[in-house]
Amino acid sequence: MISAVLLLLLIAAVVIGPFIWRVSISDIDVVAGLQGPSLAHPFGTDDLGQDLLARMIYGGRISLAVGLAAMLVSVFVGTLIGALAGMSRGALGYALMWLTDLFLSLPQLPLLLMLIYLFRDGLKAVFGPEGGIFILIVLVIGGLRWMPVARLVRAQFLSLREKEFVEAARALGASPVRQVVRHILPNALGPVIIAGTIDVAAAIIAESTLSFLGLGFPPDTPTWGRILYDAKDFLDIGPHWALFPGGAIFIAVVAINFIGDGLRDALDARKVI
Amino acid sequence: MSQYILRRLMIAIPSLLGISVVLFVVLALAPGDPFSELATNPNVPPEVQAALRTKFGLDDPIYLRYLHWLAAMVQGDWGFSFVSRINVDTLILQRLPTTLYVVGSSQLLALLIAIPVGVFAATRPYSLFDQLANTFAFIGFSLPTFFTGILFILVFSVKLDWLPFVYTDVPGSGIPWLLEMIRQAIMPVMVLGLFQAASMTRFVRSAMLDVIRLDYVTTARAKGLGQAKVIVKHVMRNAMIPVVTLIALQMPAVFGGAIVTEQIFRIPGIGSLLISSILANDTPVVMAVTFVFACLVVLFNLIADVLYGWLDPRISFR
C-alpha cells in the first residue's frame, strides 16, 4: 500500500513537475555550481550550476518511460513465444523452449552493451539522437528480458489448453486463434502481470546501468543514471548530487518490487524465476 | 558420475555454439563495415579494395563467414586489438584473473551470508529475525550495484577515509603488499557480495521452507535426532538443489554487476576492458570479451550441473 502511494507520488512528480517547477534543465550558472540543497535549488546544483530538481524531473520521465515501454516489449514477445510454445504439440514448442533457455544463459549486460555499441550510430541517423537511443534501449532491454514471461505463459498454456472450457470451445468449432485470444490468454494473465511489474523495475535498473556506464542516453539528456554518472567524480565535494538520483532509482525500484510482491501474494501465483 | 559430467559437457557445447551464432549474427546485422574507412579513402583504388574484401572473405555468404570466424576462435586466433596493439587473447588473459578473483570472493561472501541467514530464518518463520532478514534482502536486491558502490565510497572513503576507492594493480610482494591487495578489494567484493547475498537469502529461505514441511523431516525428528542434525544433514542437502539452479540462473546478472563494480572502482578486469573498448570502438575486443562472458556463464552452469549430481545422486543416473 505504502509503496503504491510512493510510486504514484513519484509518477505524479515527474508528470506534473515541469508545470510547477519552471526552471530550465540546462541553464548554466558556474558561480552557483555544486551547491547543496537550498531554497533556490531544493536539490542543489551540479558542477555547471544546473538545477538538479529540474534535471531529476526530466530524467525521471525518461527513466520511467523506458521502464514501462521495455516491459511492454518483453511482455509482448514473451507472451507470443510462450503462447506459440504452449499451443504447439510438436517440434516448434521444443525449439522455442531451447531458444528461451539459450537466451537465459546469455550474459545480458555485455550483450546489451555490445548491441548498443553496434547499432547506436545507425539509429541515431534515422530517429535523431534522443529518439534513436530511446527506441534502441527499449527494444534491447525488452528483447533480452522476455524469457521468464515466455516460460510462465507456456506453463499456463500447457495446463489451460486441456481444461474443459477450452475443449468446449474447440468442440464448438473455435479456431486456434480464437481459443487462445478469447479463452486461454485471459486466464493466463495473472502471472504475466506480476512478471511484468517486476520487469519494469528491472528495466529501470538496466537503463540506469547503461547511462551510468556512459553508454545510455547522450550527455545532454539527464536520466537518473546519467546524473549519477556525472556526479561520481565529485563525491567528495558534492555528495548530494549523487544521493538524489540514486535515491530516486532506489525508491522507484523498491516500490515496484513491493507492488509485484503484493500482487503475487494477492493472486497467489507461482514464484517467478 | 564421470559419465554424467561427460554428458553435461556434451550439452554445454551446443549452447556455446548457439551463443556464438547469436553474437555473430548481431555483428553481421549491425550497420557499418570494417572497410568503410577504406571505401572513402580516394588513395585506395577500387580494385585493391575489392581484392582486400575477397582476401578477408567479406563478400562470402554469411554462413561461410561464420565458419571462418568460428574456426579462428577455436584455434585461439582472436584477432588484434585496434587500440592496445596486442593480440586480443593476451589482453584478455592479463585481465581475466582479476575479474575471477573479485567475482569469486564476492560469491563466497554471498554464500557465507546467505546460507546461515536463510537457514536460520527458515527455522523460525515469521519471527523477528525472519522479518528483519526479509526486509534487508528486499532492500538489498532493489539497490542497484552502481548506487551501493557510490554509497560505499561516500561512507568508507570520503567520510571515514578507511579504504581506498581506486583499485590499483601495484606490483610487489610480502605481507604489507598482500594486506594492501585485500584492503582495496574489500569494497568491490562487499558491493557485489551483498547484492548477491540478498537474492540468495530469499532463495535459501523459501527452499528450506519447502523442504522442512516434508514427512521425512518429521520422521527424522521422531526418531530423536537433534534439531541441528536434522537441519544440516537432512533438510539442507535437499533444499540446496533448487538453490543451486537459481544461483546458476543468476550468473548472467552477477557478471553484469561485476562490470559495473569494476567500472566504479576502476578494477583492471575484463569488465572495464569491455567498457573502454566500446568507448574506443575496438570491435575485436568487444566481441571477444562478450564471448568470454558467455563462456563463463556456460561454465558456471556446468559447475551447477555437477553440483546437482553430487547433491542428488538420482539425477546422475537418469
# chains A, B, ... in the order shown; residues from 1 in each chain; ligands from 1
>>> residues_around(residues="Gly78 of chain A", least_positions_apart="6", cutoff="6 Å", atoms="only C-alpha atoms", output="PyMOL selection string")
chain A and resi 146+149-150
>>> write_last_selection(atoms="C-alpha atoms", output="PDB file, in the first residue's frame")
ATOM      1  CA  TRP A 146      11.170 -11.851 -22.261  1.00  0.00           C
ATOM      2  CA  VAL A 149       7.388 -14.373 -19.213  1.00  0.00           C
ATOM      3  CA  ALA A 150       7.628 -16.925 -22.027  1.00  0.00           C
TER       4      ALA A 150
END
>>> closest_atom_pairs(of="segment 241-263 of chain B", to="segment 196-210 of chain A", cutoff="12 Å", atoms="only C-alpha atoms", output="CSV")
residue,atom,partner,partner_atom,distance
B:Ala253,CA,A:Ala206,CA,10.6
B:Gly256,CA,A:Thr209,CA,9.4
B:Gly257,CA,A:Thr209,CA,9.4
B:Ala258,CA,A:Thr209,CA,11.9
B:Ile259,CA,A:Thr209,CA,10.0
B:Val260,CA,A:Thr209,CA,7.5
B:Thr261,CA,A:Thr209,CA,10.8
B:Gln263,CA,A:Thr209,CA,10.9
>>> interface_residues(of="chain B", to="chain A", cutoff="7 Å", atoms="only C-alpha atoms", output="list in words")
Ser15, Ile19, Ala30, Pro31, Ile139, Ser142, Leu143, Pro144, Phe147, Leu154, Val158, Pro252, Gly256, Ile278, Val286, Thr290, Phe293, Ala294, Val297 and Val298 of chain B
>>> write_last_selection(atoms="N, CA, C and O atoms", output="CSV table (one decimal), in the first residue's frame")
chain,number,residue,atom,x,y,z
B,15,SER,N,25.1,-25.2,-26.6
B,15,SER,CA,24.7,-23.9,-26.1
B,15,SER,C,25.8,-22.9,-26.4
B,15,SER,O,25.5,-21.7,-26.7
B,19,ILE,N,25.3,-19.6,-28.6
B,19,ILE,CA,25.6,-18.2,-28.2
B,19,ILE,C,26.5,-17.6,-29.3
B,19,ILE,O,26.4,-16.4,-29.7
B,30,ALA,N,24.7,-5.6,-37.9
B,30,ALA,CA,25.0,-4.3,-37.5
B,30,ALA,C,25.4,-3.4,-38.7
B,30,ALA,O,26.1,-3.9,-39.5
B,31,PRO,N,24.9,-2.2,-38.7
B,31,PRO,CA,25.3,-1.3,-39.8
B,31,PRO,C,26.8,-1.0,-39.6
B,31,PRO,O,27.3,-1.1,-38.5
B,139,ILE,N,15.5,-4.9,0.4
B,139,ILE,CA,16.2,-3.7,0.1
B,139,ILE,C,17.5,-4.0,-0.7
B,139,ILE,O,17.8,-3.3,-1.7
B,142,SER,N,17.0,-4.6,-4.3
B,142,SER,CA,16.4,-3.4,-5.1
B,142,SER,C,17.4,-2.3,-5.2
B,142,SER,O,17.2,-1.4,-6.0
B,143,LEU,N,18.5,-2.4,-4.5
B,143,LEU,CA,19.6,-1.4,-4.6
B,143,LEU,C,20.5,-1.7,-5.7
B,143,LEU,O,21.2,-2.8,-5.7
B,144,PRO,N,20.5,-1.0,-6.8
B,144,PRO,CA,21.4,-1.3,-7.9
B,144,PRO,C,22.9,-1.2,-7.5
B,144,PRO,O,23.2,-0.4,-6.6
B,147,PHE,N,24.7,2.2,-7.3
B,147,PHE,CA,24.4,3.1,-6.2
B,147,PHE,C,25.0,2.6,-4.9
B,147,PHE,O,25.6,3.4,-4.2
B,154,LEU,N,31.3,6.9,-0.6
B,154,LEU,CA,30.9,8.1,0.2
B,154,LEU,C,31.2,7.9,1.6
B,154,LEU,O,31.8,8.7,2.3
B,158,VAL,N,35.3,8.7,1.5
B,158,VAL,CA,35.2,10.1,1.6
B,158,VAL,C,35.0,10.5,3.1
B,158,VAL,O,35.8,11.3,3.6
B,252,PRO,N,24.4,-14.7,-15.1
B,252,PRO,CA,24.5,-13.5,-16.0
B,252,PRO,C,24.4,-12.2,-15.3
B,252,PRO,O,25.2,-11.3,-15.6
B,256,GLY,N,27.1,-9.1,-14.9
B,256,GLY,CA,26.6,-7.7,-15.2
B,256,GLY,C,27.1,-6.8,-14.0
B,256,GLY,O,27.6,-5.7,-14.2
B,278,ILE,N,34.5,-0.4,-25.9
B,278,ILE,CA,33.3,0.2,-26.5
B,278,ILE,C,33.5,1.6,-26.8
B,278,ILE,O,33.2,2.1,-27.9
B,286,VAL,N,35.7,-6.0,-28.1
B,286,VAL,CA,34.3,-6.1,-27.6
B,286,VAL,C,33.7,-7.5,-27.9
B,286,VAL,O,33.1,-8.1,-27.0
B,290,THR,N,32.7,-10.2,-24.9
B,290,THR,CA,31.4,-10.6,-24.7
B,290,THR,C,31.3,-12.2,-24.8
B,290,THR,O,30.6,-12.8,-24.0
B,293,PHE,N,32.5,-13.7,-21.5
B,293,PHE,CA,31.5,-13.6,-20.5
B,293,PHE,C,30.5,-14.8,-20.7
B,293,PHE,O,30.0,-15.4,-19.8
B,294,ALA,N,30.1,-15.0,-22.0
B,294,ALA,CA,29.2,-16.1,-22.3
B,294,ALA,C,29.7,-17.4,-21.9
B,294,ALA,O,29.1,-18.2,-21.3
B,297,VAL,N,29.5,-17.9,-18.2
B,297,VAL,CA,28.2,-18.2,-17.8
B,297,VAL,C,27.9,-19.7,-18.0
B,297,VAL,O,27.4,-20.4,-17.1
B,298,VAL,N,28.3,-20.2,-19.2
B,298,VAL,CA,28.1,-21.6,-19.5
B,298,VAL,C,28.9,-22.5,-18.6
B,298,VAL,O,28.4,-23.5,-18.1
>>> select_by_dssp(residues="segment 131-181 of chain A", states="helix (DSSP H, G or I)", output="JSON, numbers by chain")
{"A": [131, 132, 133, 134, 135, 136, 137, 138, 139, 140, 141, 142, 143, 147, 148, 149, 150, 151, 152, 153, 154, 155, 156, 157, 158, 159, 160, 164, 165, 166, 167, 168, 169, 170, 171, 176, 177, 178, 179, 180, 181]}
>>> write_last_selection(atoms="C-alpha atoms", output="PDB file, in the first residue's frame")
ATOM      1  CA  GLY A 131      14.638   9.152 -30.158  1.00  0.00           C
ATOM      2  CA  GLY A 132      17.091   6.690 -31.650  1.00  0.00           C
ATOM      3  CA  ILE A 133      18.650   5.831 -28.292  1.00  0.00           C
ATOM      4  CA  PHE A 134      15.212   5.576 -26.682  1.00  0.00           C
ATOM      5  CA  ILE A 135      13.988   3.083 -29.281  1.00  0.00           C
ATOM      6  CA  LEU A 136      17.240   1.127 -29.138  1.00  0.00           C
ATOM      7  CA  ILE A 137      17.332   0.913 -25.344  1.00  0.00           C
ATOM      8  CA  VAL A 138      13.683  -0.075 -25.080  1.00  0.00           C
ATOM      9  CA  LEU A 139      13.971  -2.759 -27.765  1.00  0.00           C
ATOM     10  CA  VAL A 140      17.229  -4.165 -26.448  1.00  0.00           C
ATOM     11  CA  ILE A 141      16.207  -4.263 -22.778  1.00  0.00           C
ATOM     12  CA  GLY A 142      12.790  -5.666 -23.638  1.00  0.00           C
ATOM     13  CA  GLY A 143      14.286  -8.086 -26.143  1.00  0.00           C
ATOM     14  CA  MET A 147      12.321 -15.319 -21.174  1.00  0.00           C
ATOM     15  CA  PRO A 148      10.680 -15.559 -17.724  1.00  0.00           C
ATOM     16  CA  VAL A 149       7.388 -14.373 -19.213  1.00  0.00           C
ATOM     17  CA  ALA A 150       7.628 -16.925 -22.027  1.00  0.00           C
ATOM     18  CA  ARG A 151       8.213 -19.744 -19.545  1.00  0.00           C
ATOM     19  CA  LEU A 152       5.309 -18.660 -17.369  1.00  0.00           C
ATOM     20  CA  VAL A 153       2.929 -18.303 -20.301  1.00  0.00           C
ATOM     21  CA  ARG A 154       3.923 -21.686 -21.689  1.00  0.00           C
ATOM     22  CA  ALA A 155       3.394 -23.380 -18.342  1.00  0.00           C
ATOM     23  CA  GLN A 156      -0.033 -21.770 -18.026  1.00  0.00           C
ATOM     24  CA  PHE A 157      -0.994 -22.687 -21.565  1.00  0.00           C
ATOM     25  CA  LEU A 158       0.048 -26.309 -21.135  1.00  0.00           C
ATOM     26  CA  SER A 159      -2.404 -26.767 -18.299  1.00  0.00           C
ATOM     27  CA  LEU A 160      -5.154 -24.448 -19.569  1.00  0.00           C
ATOM     28  CA  GLU A 164     -12.928 -28.440 -20.192  1.00  0.00           C
ATOM     29  CA  PHE A 165     -13.911 -24.916 -21.195  1.00  0.00           C
ATOM     30  CA  VAL A 166     -11.238 -24.828 -23.869  1.00  0.00           C
ATOM     31  CA  GLU A 167     -12.312 -28.253 -25.064  1.00  0.00           C
ATOM     32  CA  ALA A 168     -15.869 -26.956 -25.244  1.00  0.00           C
ATOM     33  CA  ALA A 169     -14.731 -24.019 -27.345  1.00  0.00           C
ATOM     34  CA  ARG A 170     -12.837 -26.399 -29.571  1.00  0.00           C
ATOM     35  CA  ALA A 171     -15.888 -28.632 -29.927  1.00  0.00           C
ATOM     36  CA  PRO A 176      -6.988 -21.983 -32.521  1.00  0.00           C
ATOM     37  CA  VAL A 177      -6.509 -18.214 -32.590  1.00  0.00           C
ATOM     38  CA  ARG A 178      -9.940 -17.648 -31.085  1.00  0.00           C
ATOM     39  CA  GLN A 179      -9.305 -20.309 -28.454  1.00  0.00           C
ATOM     40  CA  VAL A 180      -6.117 -18.530 -27.453  1.00  0.00           C
ATOM     41  CA  VAL A 181      -7.323 -14.960 -27.544  1.00  0.00           C
TER      42      VAL A 181
END
>>> atom_distance(atom1="atom CA of Phe141 of chain B", atom2="atom CA of Leu80 of chain A")
29.0 Å
>>> closest_residue(among="A:Ala174, A:Val77, A:Ala188, A:Ala125", to="Leu144 of chain A", atoms="only C-alpha atoms")
A:Val77
>>> atom_distance(atom1="atom CA of Leu185 of chain A", atom2="atom CA of Gly93 of chain A")
17.2 Å
>>> residues_around(residues="segment 193-195 of chain B", least_positions_apart="4", cutoff="10 Å", atoms="only C-alpha atoms", output="PyMOL selection string")
chain B and resi 102-114+137+139-145+148+187-189+199-200+254+257
>>> residues_around(residues="segment 301-313 of chain B", least_positions_apart="5", cutoff="8 Å", atoms="only C-alpha atoms", output="PyMOL selection string")
chain B and resi 1+4-5+8-9+12+237-238+240-241+244-245+248-249
>>> atom_distance(atom1="atom CA of Lys159 of chain B", atom2="atom CA of Gly60 of chain A")
28.7 Å
